[in-house]
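Notes follow the structure.
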Amino acid sequence: MKTSVHTVLRVSTLERSLDFYARLFDIKIRVRTDEWAELEAGGTKLLLLKKENEELRNKVIPIPSFPPSCYLGVDTDDLDTFHSRLVSLGARCIQAPIKQKNGDRTAIYADPDGLALQVTEFDKCEV
């Protein structure tokens, strides 16, 4: 059995978020409609869905509303460069890159809709 997992982000402005994530991850837009868009890179899919249309969409496909208690986790091998890229794209830095007790470095940002992004550079000594 083949399965895959994708992430869906509900966004207030589709075009702004599409531009932000496509440029952040340097990935292509696979599908684009007026209501949603799908980005894909290396088998990973990120779907962006306009918030304004949730109520209408839920009449067709009921999807529960989840609390904003999640974040998008991103791994990188160069946190300093990724940090600069995020900031240049307008992401708000919540926690600048810091070294954790286990040797990993992490930073936290907010995307254009305020969704948290935790970026991790794993300790190279642990590999």
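Naming works like this for the structure tokens: A, B, ... for the chains as they're shown, residue 1 at the start of each chain, ligands 1 onward in shown order.
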
Give me the residues near Thr7 of chain A as a short mmCIF file (atom, residue, chain, number, x, y, z; two decimals) with C-alpha atoms, in the first residue's frame, where near means some atom within 7 Å (using only C-alpha atoms) and where sequence neighbours in that chain fewer than 3 positions away do not count.
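See selection09.cif below for the written result:
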data_model
loop_
_atom_site.label_atom_id
_atom_site.label_comp_id
_atom_site.auth_asym_id
_atom_site.auth_seq_id
_atom_site.Cartn_x
_atom_site.Cartn_y
_atom_site.Cartn_z
CA LYS A 45 3.20 18.68 -0.95
CA LEU A 46 2.15 21.95 0.66
CA LEU A 47 -1.43 23.02 -0.02
#

- request: With a distance cut-off of 10 Å and only C-alpha atoms, select the neighbouring residues of Ile108 of chain A, excluding the residue or stretch itself and same-chain residues fewer than 2 positions from it, and output the selection as a ChimeraX atom specification.
  value: /A:71-73,83,91-98,106,110,116-120

query: What separation in Å, quoted to one decimal, exists between atom CA of Leu14 of chain A and atom CA of Thr76 of chain A?
result: 25.2 Å

- prompt: Could you pull out all residues of chain A with a DSSP call of strand (DSSP E or B) and give them as number ranges by chain?
  reply: A: 6-11, 28-32, 36-41, 44-50, 71-75, 92-99, 105-110, 116-121

Filtering to N, CA and C atoms, could you give me those residues as a compact mmCIF listing (two decimals), in the first residue's frame?
# COMPACT_ATOMS: atom_id res chain seq x y z
N HIS A 6 0.51 15.14 3.23
CA HIS A 6 0.67 16.52 2.78
C HIS A 6 0.25 17.46 3.90
N THR A 7 0.66 18.69 3.80
CA THR A 7 0.32 19.71 4.78
C THR A 7 -0.59 20.73 4.14
N VAL A 8 -1.63 21.13 4.86
CA VAL A 8 -2.56 22.14 4.37
C VAL A 8 -2.49 23.34 5.31
N LEU A 9 -2.28 24.51 4.72
CA LEU A 9 -2.27 25.75 5.49
C LEU A 9 -3.43 26.61 5.01
N ARG A 10 -4.25 27.06 5.95
CA ARG A 10 -5.32 27.99 5.61
C ARG A 10 -4.73 29.40 5.71
N VAL A 11 -4.82 30.13 4.62
CA VAL A 11 -4.16 31.43 4.52
C VAL A 11 -5.17 32.53 4.21
N LYS A 28 8.26 24.69 -7.06
CA LYS A 28 7.33 25.04 -8.12
C LYS A 28 5.88 24.92 -7.66
N ILE A 29 5.03 25.66 -8.34
CA ILE A 29 3.59 25.58 -8.13
C ILE A 29 3.09 24.45 -9.01
N ARG A 30 2.49 23.44 -8.40
CA ARG A 30 2.00 22.29 -9.17
C ARG A 30 0.60 22.55 -9.68
N VAL A 31 -0.28 23.10 -8.83
CA VAL A 31 -1.67 23.40 -9.20
C VAL A 31 -2.02 24.76 -8.61
N ARG A 32 -2.76 25.55 -9.37
CA ARG A 32 -3.18 26.88 -8.88
C ARG A 32 -4.59 27.14 -9.34
N TRP A 36 -7.29 27.69 -4.07
CA TRP A 36 -6.19 26.97 -3.43
C TRP A 36 -5.04 26.78 -4.39
N ALA A 37 -3.90 26.40 -3.84
CA ALA A 37 -2.72 26.12 -4.65
C ALA A 37 -1.94 25.00 -3.99
N GLU A 38 -1.20 24.27 -4.81
CA GLU A 38 -0.37 23.18 -4.30
C GLU A 38 1.07 23.37 -4.76
N LEU A 39 1.97 23.34 -3.80
CA LEU A 39 3.40 23.40 -4.08
C LEU A 39 3.96 22.01 -3.84
N GLU A 40 4.97 21.64 -4.62
CA GLU A 40 5.54 20.30 -4.46
C GLU A 40 7.05 20.34 -4.67
N ALA A 41 7.74 19.61 -3.80
CA ALA A 41 9.19 19.48 -3.92
C ALA A 41 9.60 18.15 -3.32
N THR A 44 7.11 16.04 -1.38
CA THR A 44 6.38 16.71 -0.30
C THR A 44 5.44 17.74 -0.90
N LYS A 45 4.20 17.75 -0.42
CA LYS A 45 3.20 18.68 -0.95
C LYS A 45 2.76 19.64 0.15
N LEU A 46 2.66 20.91 -0.23
CA LEU A 46 2.15 21.95 0.66
C LEU A 46 0.96 22.58 -0.04
N LEU A 47 -0.22 22.45 0.55
CA LEU A 47 -1.43 23.02 -0.02
C LEU A 47 -1.77 24.29 0.74
N LEU A 48 -2.08 25.34 0.00
CA LEU A 48 -2.50 26.61 0.56
C LEU A 48 -3.96 26.81 0.20
N LEU A 49 -4.80 27.04 1.20
CA LEU A 49 -6.24 27.15 1.02
C LEU A 49 -6.72 28.49 1.55
N LYS A 50 -7.47 29.23 0.73
CA LYS A 50 -7.98 30.53 1.15
C LYS A 50 -8.95 30.38 2.31
N TYR A 71 2.54 23.98 14.08
CA TYR A 71 3.56 24.78 13.41
C TYR A 71 4.14 23.96 12.28
N LEU A 72 4.77 24.64 11.36
CA LEU A 72 5.42 23.98 10.25
C LEU A 72 6.88 23.79 10.62
N GLY A 73 7.35 22.56 10.64
CA GLY A 73 8.74 22.26 10.95
C GLY A 73 9.56 22.17 9.69
N VAL A 74 10.69 22.82 9.68
CA VAL A 74 11.57 22.85 8.52
C VAL A 74 12.97 22.47 8.97
N ASP A 75 13.61 21.56 8.26
CA ASP A 75 15.00 21.19 8.54
C ASP A 75 15.89 21.81 7.47
N ARG A 92 8.54 37.26 10.25
CA ARG A 92 8.89 37.87 11.53
C ARG A 92 9.66 36.85 12.36
N CYS A 93 10.83 37.24 12.84
CA CYS A 93 11.65 36.34 13.66
C CYS A 93 11.15 36.41 15.10
N ILE A 94 10.67 35.27 15.61
CA ILE A 94 10.16 35.18 16.98
C ILE A 94 11.31 34.81 17.92
N GLN A 95 12.13 33.87 17.49
CA GLN A 95 13.30 33.44 18.27
C GLN A 95 14.46 33.31 17.30
N ALA A 96 15.48 34.12 17.50
CA ALA A 96 16.67 34.06 16.64
C ALA A 96 17.34 32.69 16.82
N PRO A 97 18.15 32.27 15.86
CA PRO A 97 18.82 30.97 15.97
C PRO A 97 19.60 30.84 17.28
N ILE A 98 19.31 29.74 17.99
CA ILE A 98 20.02 29.45 19.24
C ILE A 98 20.39 27.97 19.27
N LYS A 99 21.43 27.66 20.02
CA LYS A 99 21.86 26.27 20.15
C LYS A 99 21.10 25.62 21.30
N ARG A 105 20.55 23.53 16.39
CA ARG A 105 20.24 24.95 16.42
C ARG A 105 18.82 25.12 15.89
N THR A 106 18.04 25.95 16.57
CA THR A 106 16.67 26.20 16.14
C THR A 106 16.36 27.69 16.14
N ALA A 107 15.36 28.04 15.35
CA ALA A 107 14.84 29.40 15.30
C ALA A 107 13.35 29.30 15.00
N ILE A 108 12.61 30.32 15.40
CA ILE A 108 11.17 30.33 15.18
C ILE A 108 10.78 31.64 14.51
N TYR A 109 9.90 31.51 13.51
CA TYR A 109 9.45 32.65 12.72
C TYR A 109 7.93 32.60 12.60
N ALA A 110 7.35 33.69 12.10
CA ALA A 110 5.93 33.74 11.77
C ALA A 110 5.80 34.04 10.29
N ALA A 116 3.42 29.70 12.88
CA ALA A 116 4.80 29.51 13.33
C ALA A 116 5.54 28.53 12.42
N LEU A 117 6.80 28.87 12.16
CA LEU A 117 7.72 27.99 11.44
C LEU A 117 8.89 27.75 12.37
N GLN A 118 9.14 26.51 12.72
CA GLN A 118 10.32 26.18 13.51
C GLN A 118 11.36 25.60 12.58
N VAL A 119 12.51 26.25 12.50
CA VAL A 119 13.57 25.82 11.60
C VAL A 119 14.69 25.22 12.43
N THR A 120 15.14 24.02 12.04
CA THR A 120 16.16 23.31 12.79
C THR A 120 17.35 22.96 11.90
N GLU A 121 18.52 23.20 12.44
CA GLU A 121 19.76 22.72 11.83
C GLU A 121 20.29 21.68 12.81

- prompt: Would you give me, as JSON, numbers by chain, the residues in chain A that DSSP reads as alpha helix (DSSP H)?
  reply: {"A": [14, 15, 16, 17, 18, 19, 20, 21, 22, 23, 24, 25, 54, 55, 56, 57, 58, 59, 60, 79, 80, 81, 82, 83, 84, 85, 86, 87, 88]}
